[in-house]
$ cat query_26.tsv   # TSV, C-alpha atoms
chain	number	residue	atom	x	y	z
A	1	MET	CA	0.09	6.88	-26.01
A	2	SER	CA	-3.61	6.80	-26.82
A	3	ALA	CA	-6.16	5.70	-24.21
A	4	PRO	CA	-6.84	2.28	-25.86
A	5	THR	CA	-3.10	1.63	-26.07
A	6	VAL	CA	-2.62	2.58	-22.42
A	7	ARG	CA	-5.41	0.23	-21.34
A	8	ALA	CA	-3.98	-2.64	-23.40
A	9	PHE	CA	-0.50	-2.02	-22.03
A	10	LEU	CA	-1.76	-1.85	-18.43
A	11	ALA	CA	-3.66	-5.11	-18.89
A	12	ALA	CA	-0.53	-6.80	-20.18
A	13	THR	CA	1.54	-5.32	-17.37
A	14	SER	CA	-0.85	-6.46	-14.64
A	15	ALA	CA	-1.05	-9.97	-16.05
A	16	CYS	CA	2.72	-10.19	-16.29
A	17	LEU	CA	3.24	-9.03	-12.71
A	18	ALA	CA	0.63	-11.46	-11.43
A	19	LEU	CA	2.41	-14.33	-13.14
A	20	VAL	CA	5.90	-13.36	-12.13
A	21	LEU	CA	5.16	-12.52	-8.51
A	22	PRO	CA	2.25	-14.58	-7.19
A	23	ALA	CA	1.36	-14.89	-3.51
A	24	ALA	CA	3.36	-17.71	-1.93
A	25	THR	CA	3.27	-19.79	1.20
A	26	ALA	CA	5.65	-20.16	4.11
A	27	ALA	CA	9.21	-21.07	3.20
A	28	ALA	CA	10.55	-24.54	3.96
A	29	ASP	CA	12.89	-23.22	6.63
A	30	GLY	CA	9.99	-21.73	8.57
A	31	GLY	CA	10.54	-18.16	7.37
A	32	LEU	CA	8.03	-16.22	5.33
A	33	ALA	CA	8.18	-16.41	1.59
A	34	LEU	CA	6.03	-14.03	-0.41
A	35	GLY	CA	2.59	-14.55	1.15
A	36	PRO	CA	0.06	-15.11	2.52
A	37	ALA	CA	-2.18	-12.62	0.79
A	38	GLN	CA	-4.17	-10.00	2.67
A	39	PRO	CA	-7.10	-11.50	4.59
A	40	ALA	CA	-10.54	-9.92	4.44
A	41	ILE	CA	-11.05	-6.95	6.73
A	42	PRO	CA	-13.61	-7.68	9.47
A	43	THR	CA	-16.38	-5.28	10.38
A	44	ALA	CA	-16.01	-3.43	13.68
A	45	ARG	CA	-19.01	-3.73	16.01
A	46	ALA	CA	-20.03	-1.25	18.73
A	47	TYR	CA	-21.82	-2.15	21.97
A	48	GLY	CA	-23.48	0.00	24.63
A	49	LYS	CA	-23.09	-0.07	28.41
A	50	ASP	CA	-25.70	-2.82	28.64
A	51	GLY	CA	-23.86	-4.98	26.12
A	52	ARG	CA	-26.44	-4.49	23.40
A	53	PRO	CA	-25.24	-3.81	19.82
A	54	LEU	CA	-25.30	-0.18	18.69
A	55	LYS	CA	-26.36	0.84	15.19
A	56	SER	CA	-23.22	2.92	14.69
A	57	LEU	CA	-19.64	3.22	15.91
A	58	ARG	CA	-19.96	6.97	16.25
A	59	PRO	CA	-21.32	7.23	19.83
A	60	VAL	CA	-18.30	5.34	21.19
A	61	LEU	CA	-15.79	7.15	18.96
A	62	GLU	CA	-17.25	10.56	19.78
A	63	TYR	CA	-17.03	9.80	23.49
A	64	CYS	CA	-13.37	8.83	23.09
A	65	ARG	CA	-12.74	12.11	21.30
A	66	SER	CA	-14.50	14.25	23.89
A	67	LYS	CA	-13.11	12.51	26.99
A	68	ARG	CA	-9.35	12.44	26.82
A	69	GLY	CA	-8.16	9.41	28.70
A	70	GLY	CA	-11.68	8.02	28.71
A	71	CYS	CA	-10.84	5.11	26.40
A	72	ARG	CA	-8.32	2.31	26.35
A	73	PHE	CA	-7.27	-0.12	23.65
A	74	ALA	CA	-6.62	-3.78	24.41
A	75	ILE	CA	-4.66	-5.72	21.78
A	76	ASP	CA	-5.73	-9.30	21.18
A	77	LYS	CA	-2.91	-11.24	22.86
A	78	LYS	CA	-3.91	-14.65	21.52
A	79	ALA	CA	-1.52	-14.33	18.61
A	80	LEU	CA	1.33	-12.23	17.29
A	81	PRO	CA	0.50	-9.61	14.63
A	82	LEU	CA	-0.74	-11.34	11.48
A	83	GLN	CA	1.87	-10.96	8.73
A	84	PHE	CA	0.73	-10.73	5.11
A	85	PHE	CA	1.63	-9.26	1.73
A	86	SER	CA	-0.48	-6.97	-0.41
A	87	ALA	CA	-1.34	-7.87	-3.97
A	88	VAL	CA	1.30	-6.90	-6.51
A	89	LYS	CA	0.83	-3.26	-7.48
A	90	SER	CA	2.06	-1.90	-10.80
A	91	PHE	CA	3.35	1.62	-10.36
A	92	GLY	CA	5.57	4.33	-11.76
A	93	ASN	CA	6.48	4.88	-15.39
A	94	SER	CA	7.29	2.06	-17.78
A	95	VAL	CA	10.16	2.19	-20.26
A	96	ILE	CA	9.35	1.12	-23.82
A	97	ASN	CA	12.32	0.58	-26.14
A	98	CYS	CA	11.21	1.66	-29.60
A	99	THR	CA	14.78	1.89	-30.90
A	100	LYS	CA	16.71	-0.75	-32.83
A	101	SER	CA	19.34	-1.10	-30.12
A	102	ASP	CA	19.46	-2.19	-26.49
A	103	ILE	CA	19.04	0.56	-23.90
A	104	ASN	CA	20.37	0.53	-20.36
A	105	VAL	CA	18.07	1.73	-17.59
A	106	ASP	CA	19.02	2.88	-14.10
A	107	ARG	CA	16.06	3.37	-11.80
A	108	ARG	CA	15.43	4.06	-8.14
A	109	VAL	CA	12.08	2.77	-6.91
A	110	ASP	CA	10.48	4.14	-3.73
A	111	LEU	CA	7.53	2.34	-2.14
A	112	GLU	CA	5.52	4.11	0.56
A	113	THR	CA	3.16	1.94	2.57
A	114	GLY	CA	0.45	3.46	4.73
A	115	SER	CA	-1.65	2.27	7.67
A	116	GLN	CA	-5.42	1.87	7.73
A	117	ASP	CA	-8.07	1.02	10.27
A	118	ASN	CA	-11.70	-0.03	10.08
A	119	ILE	CA	-13.13	2.50	12.57
A	120	LEU	CA	-13.55	5.57	10.36
A	121	GLY	CA	-9.87	6.49	10.37
A	122	GLU	CA	-9.82	7.29	14.09
A	123	ILE	CA	-6.46	5.56	14.56
A	124	THR	CA	-4.63	5.93	11.26
A	125	GLY	CA	-6.45	8.69	9.41
A	126	SER	CA	-7.50	6.31	6.62
A	127	ILE	CA	-10.53	4.04	6.42
A	128	ALA	CA	-9.72	0.45	5.48
A	129	LEU	CA	-11.38	-0.70	2.28
A	130	GLU	CA	-12.14	-4.37	1.77
A	131	GLY	CA	-9.25	-6.28	0.25
A	132	GLN	CA	-6.98	-3.29	-0.34
A	133	VAL	CA	-3.85	-1.80	1.16
A	134	GLN	CA	-2.79	1.80	0.74
A	135	VAL	CA	0.36	1.59	-1.36
A	136	SER	CA	2.07	4.21	-3.49
A	137	GLY	CA	5.24	4.00	-5.51
A	138	GLU	CA	7.45	6.46	-7.29
A	139	VAL	CA	10.14	5.89	-9.89
A	140	SER	CA	12.95	8.18	-11.00
A	141	ALA	CA	15.27	7.18	-13.79
A	142	GLY	CA	18.00	7.90	-16.31
A	143	VAL	CA	17.87	6.04	-19.62
A	144	SER	CA	20.89	5.83	-21.91
A	145	GLY	CA	20.85	4.52	-25.48
A	146	GLU	CA	23.05	4.50	-28.54
A	147	GLY	CA	24.75	7.83	-29.12
A	148	GLY	CA	24.55	8.84	-25.47
A	149	ILE	CA	20.97	10.09	-25.59
A	150	THR	CA	19.68	10.82	-22.10
A	151	PHE	CA	16.36	11.90	-20.65
A	152	LYS	CA	14.51	11.87	-17.38
A	153	THR	CA	11.24	10.00	-17.01
A	154	PRO	CA	8.50	11.87	-15.16
A	155	ASN	CA	7.55	10.81	-11.68
A	156	MET	CA	4.46	8.81	-10.83
A	157	LYS	CA	2.29	11.84	-10.13
A	158	GLU	CA	2.93	13.41	-13.53
A	159	GLY	CA	3.68	10.51	-15.84
A	160	PRO	CA	1.44	8.83	-18.41
A	161	MET	CA	1.23	5.70	-16.27
A	162	SER	CA	0.07	7.48	-13.11
A	163	GLU	CA	-3.45	6.12	-13.51
A	164	THR	CA	-2.13	2.64	-12.65
A	165	THR	CA	-1.83	3.63	-9.00
A	166	ALA	CA	-4.38	1.72	-6.91
A	167	LYS	CA	-5.84	3.82	-4.13
A	168	GLY	CA	-6.55	1.68	-1.12
A	169	GLY	CA	-7.80	4.24	1.34
A	170	ALA	CA	-10.37	6.96	1.83
A	171	GLN	CA	-10.06	9.86	4.20
A	172	GLY	CA	-12.04	9.40	7.40
A	173	SER	CA	-13.60	11.91	9.72
A	174	GLY	CA	-10.61	12.02	12.02
A	175	LYS	CA	-7.58	14.23	11.72
A	176	ILE	CA	-4.58	12.67	10.05
A	177	GLY	CA	-1.78	12.66	12.56
A	178	GLY	CA	-4.01	14.27	15.16
A	179	SER	CA	-3.91	13.35	18.84
A	180	LEU	CA	-7.28	11.59	18.85
A	181	SER	CA	-8.07	9.50	21.90
A	182	ALA	CA	-8.54	6.28	19.91
A	183	LYS	CA	-5.19	6.82	18.22
A	184	ALA	CA	-3.44	7.63	21.50
A	185	ALA	CA	-4.99	4.57	23.15
A	186	PHE	CA	-3.79	2.34	20.30
A	187	GLN	CA	-0.28	3.82	20.37
A	188	MET	CA	0.04	3.21	24.09
A	189	ALA	CA	-1.20	-0.38	23.77
A	190	PHE	CA	1.15	-1.06	20.86
A	191	LYS	CA	4.18	0.27	22.72
A	192	ALA	CA	3.30	-1.70	25.85
A	193	GLN	CA	2.79	-4.92	23.89
A	194	TYR	CA	5.70	-4.77	21.42
A	195	GLN	CA	8.15	-2.38	23.10
A	196	ARG	CA	8.45	-0.18	20.03
A	197	ALA	CA	6.81	2.88	18.53
A	198	TRP	CA	4.00	2.49	16.00
A	199	THR	CA	4.23	4.50	12.77
A	200	THR	CA	1.58	5.16	10.12
A	201	LYS	CA	3.92	5.19	7.11
A	202	HIS	CA	7.00	3.34	5.95
A	203	THR	CA	9.20	3.94	2.88
A	204	GLU	CA	11.43	1.35	1.21
A	205	SER	CA	13.74	1.90	-1.76
A	206	THR	CA	15.72	-0.15	-4.24
A	207	THR	CA	17.71	0.53	-7.42
A	208	TYR	CA	17.57	-1.40	-10.69
A	209	ARG	CA	20.10	-1.51	-13.51
A	210	MET	CA	18.67	-3.37	-16.47
A	211	THR	CA	18.98	-3.74	-20.23
A	212	VAL	CA	15.82	-3.43	-22.32
A	213	LYS	CA	15.81	-5.13	-25.72
A	214	PRO	CA	14.24	-3.48	-28.81
A	215	GLY	CA	10.47	-3.86	-28.79
A	216	ASP	CA	10.35	-4.69	-25.08
A	217	ALA	CA	8.84	-2.74	-22.19
A	218	LEU	CA	10.26	-2.54	-18.68
A	219	VAL	CA	7.61	-2.40	-15.94
A	220	PHE	CA	7.78	-2.07	-12.17
A	221	GLY	CA	5.72	-3.40	-9.30
A	222	ALA	CA	5.86	-4.20	-5.61
A	223	SER	CA	4.15	-6.26	-2.95
A	224	ALA	CA	4.04	-4.52	0.41
A	225	ALA	CA	4.88	-6.39	3.61
A	226	MET	CA	2.10	-5.65	6.08
A	227	GLN	CA	0.94	-6.66	9.54
A	228	ARG	CA	-2.52	-6.71	11.10
A	229	ILE	CA	-3.29	-6.00	14.74
A	230	GLN	CA	-6.75	-6.49	16.20
A	231	GLY	CA	-8.25	-5.52	19.51
A	232	THR	CA	-11.03	-3.84	21.44
A	233	LEU	CA	-11.59	-0.16	22.18
A	234	THR	CA	-13.36	0.34	25.53
A	235	THR	CA	-14.65	3.46	27.31
A	236	ASN	CA	-14.54	4.02	31.06
A	237	GLN	CA	-18.36	3.85	31.00
A	238	GLY	CA	-18.48	0.33	29.59
A	239	GLN	CA	-19.10	1.04	25.91
A	240	ALA	CA	-16.90	-0.88	23.48
A	241	VAL	CA	-15.94	-1.45	19.86
A	242	HIS	CA	-14.93	-5.01	19.04
A	243	ASN	CA	-12.96	-6.30	16.03
A	244	VAL	CA	-10.99	-3.09	15.66
A	245	THR	CA	-8.47	-3.81	12.91
A	246	VAL	CA	-5.31	-1.86	12.06
A	247	ASP	CA	-3.23	-2.77	9.02
A	248	SER	CA	0.22	-1.19	9.03
A	249	PRO	CA	3.70	-1.72	7.54
A	250	SER	CA	5.31	-4.90	8.87
A	251	THR	CA	7.91	-4.58	11.60
A	252	VAL	CA	9.24	-8.05	10.73
A	253	ASN	CA	9.28	-8.53	6.94
A	254	THR	CA	10.42	-6.40	4.02
A	255	SER	CA	8.42	-5.65	0.90
A	256	SER	CA	9.16	-7.31	-2.43
A	257	PHE	CA	10.05	-5.27	-5.52
A	258	ILE	CA	9.90	-6.50	-9.09
A	259	ALA	CA	11.21	-5.19	-12.39
A	260	THR	CA	10.50	-7.26	-15.49
A	261	THR	CA	10.44	-6.88	-19.25
A	262	ILE	CA	7.55	-7.86	-21.47
A	263	THR	CA	6.98	-7.56	-25.19
A	264	ALA	CA	5.30	-4.24	-25.90
A	265	PRO	CA	1.77	-5.10	-27.06
A	266	GLY	CA	0.72	-4.69	-30.68
A	267	ASN	CA	2.07	-1.73	-32.59
A	268	THR	CA	2.75	0.35	-29.46
A	269	CYS	CA	5.90	1.93	-30.88
A	270	ASP	CA	4.12	2.91	-34.10
A	271	ARG	CA	1.36	4.62	-32.12
A	272	LEU	CA	3.89	6.50	-30.01
A	273	ARG	CA	5.51	8.03	-33.08
A	274	PRO	CA	4.31	11.63	-33.67
A	275	SER	CA	2.39	12.19	-36.87
A	276	GLY	CA	4.06	14.16	-39.67
A	277	SER	CA	7.73	14.89	-40.02
A	278	THR	CA	9.94	15.27	-36.99
A	279	PRO	CA	13.11	17.38	-36.67

$ encode --input "query_26.tsv" --output "structure tokens"
Amino acid sequence: MSAPTVRAFLAATSACLALVLPAATAAADGGLALGPAQPAIPTARAYGKDGRPLKSLRPVLEYCRSKRGGCRFAIDKKALPLQFFSAVKSFGNSVINCTKSDINVDRRVDLETGSQDNILGEITGSIALEGQVQVSGEVSAGVSGEGGITFKTPNMKEGPMSETTAKGGAQGSGKIGGSLSAKAAFQMAFKAQYQRAWTTKHTESTTYRMTVKPGDALVFGASAAMQRIQGTLTTNQGQAVHNVTVDSPSTVNTSSFIATTITAPGNTCDRLRPSGSTP
């Protein structure tokens, strides 16, 4: 598929997913429907021993790193973790039916959701970017059509639609998975508050079996169920970082998957056909 065709198809896919799976409000029975959407990520602020604002978070974070046990994390106990859903992400490889017959598609969709923080990745290993959540998806499939033709679609990392993946994180200065003091302090506070272990990644899977009509395209997306915890990181010398925010996979809700068919835009199938004669 040429670059202009890919861009047109992605635009149609994103619009379709946004219409089919919008953010929703709380359900009538008090449970969570799809929504609310991710709130803006606040800016963490550092303060010195005298209570005056510091220009950077680094002095406090470096002290935590150098003095094991020299920092503690206090979770804001005013409210339970804030539950929200990420924007719908289009991922994996689409299926475009350019035949004259229906095709049946069996697909397994894996969604991996990662954690992020807003203090240079000292807790999760990823810096939180405004309005985004680190989400990746992968699709494996078998497609059967008339005459028993079978083939395997490539995975997300290798397929033609891989550029649709939205990257919601940037690597911070801290070690991913390392035993940093800020991370250890957060883990201890989380376990004490919620009586469970905190994890940085979560994987959910589902399987679709669908029929794709001639001239239609099957696309996949997901909205990740997330939770936000906020608190304060304090040193034993009186320095502190306020508004520390950690977004991680929800321990209460499950993510929402979507598979939908749309009309392949324009003359997509004609453009996909190789030039010249084919065997």

$ atom_distance --input "query_26.tsv" --atom1 "CA of Arg72 (chain A)" --atom2 "CA of Leu120 (chain A)"
17.1 Å

$ residues_around --input "query_26.tsv" --residues "Thr234 (chain A)" --least-positions-apart "3" --cutoff "7 Å" --atoms "all atoms listed in the file" --output "list of chain:residue names"
A:Cys71, A:Arg72, A:Phe73, A:Gly238, A:Gln239, A:Ala240, A:Val241

$ residues_around --input "query_26.tsv" --residues "Asp76 (chain A)" --least-positions-apart "3" --cutoff "12 Å" --atoms "only C-alpha atoms" --output "short mmCIF file (atom, residue, chain, number, x, y, z; two decimals) with C-alpha atoms, keeping the file's coordinate frame"
data_model
loop_
_atom_site.label_atom_id
_atom_site.label_comp_id
_atom_site.auth_asym_id
_atom_site.auth_seq_id
_atom_site.Cartn_x
_atom_site.Cartn_y
_atom_site.Cartn_z
CA PHE A 73 -7.27 -0.12 23.65
CA ALA A 79 -1.52 -14.33 18.61
CA LEU A 80 1.33 -12.23 17.29
CA PRO A 81 0.50 -9.61 14.63
CA LEU A 82 -0.74 -11.34 11.48
CA PHE A 186 -3.79 2.34 20.30
CA ALA A 189 -1.20 -0.38 23.77
CA PHE A 190 1.15 -1.06 20.86
CA GLN A 193 2.79 -4.92 23.89
CA ARG A 228 -2.52 -6.71 11.10
CA ILE A 229 -3.29 -6.00 14.74
CA GLN A 230 -6.75 -6.49 16.20
CA GLY A 231 -8.25 -5.52 19.51
CA THR A 232 -11.03 -3.84 21.44
CA LEU A 233 -11.59 -0.16 22.18
CA HIS A 242 -14.93 -5.01 19.04
CA ASN A 243 -12.96 -6.30 16.03
CA VAL A 244 -10.99 -3.09 15.66
CA THR A 245 -8.47 -3.81 12.91
CA VAL A 246 -5.31 -1.86 12.06
#

$ atom_distance --input "query_26.tsv" --atom1 "CA of Gln83 (chain A)" --atom2 "CA of Glu204 (chain A)"
17.3 Å

$ atom_distance --input "query_26.tsv" --atom1 "CA of Asp117 (chain A)" --atom2 "CA of Lys183 (chain A)"
10.3 Å
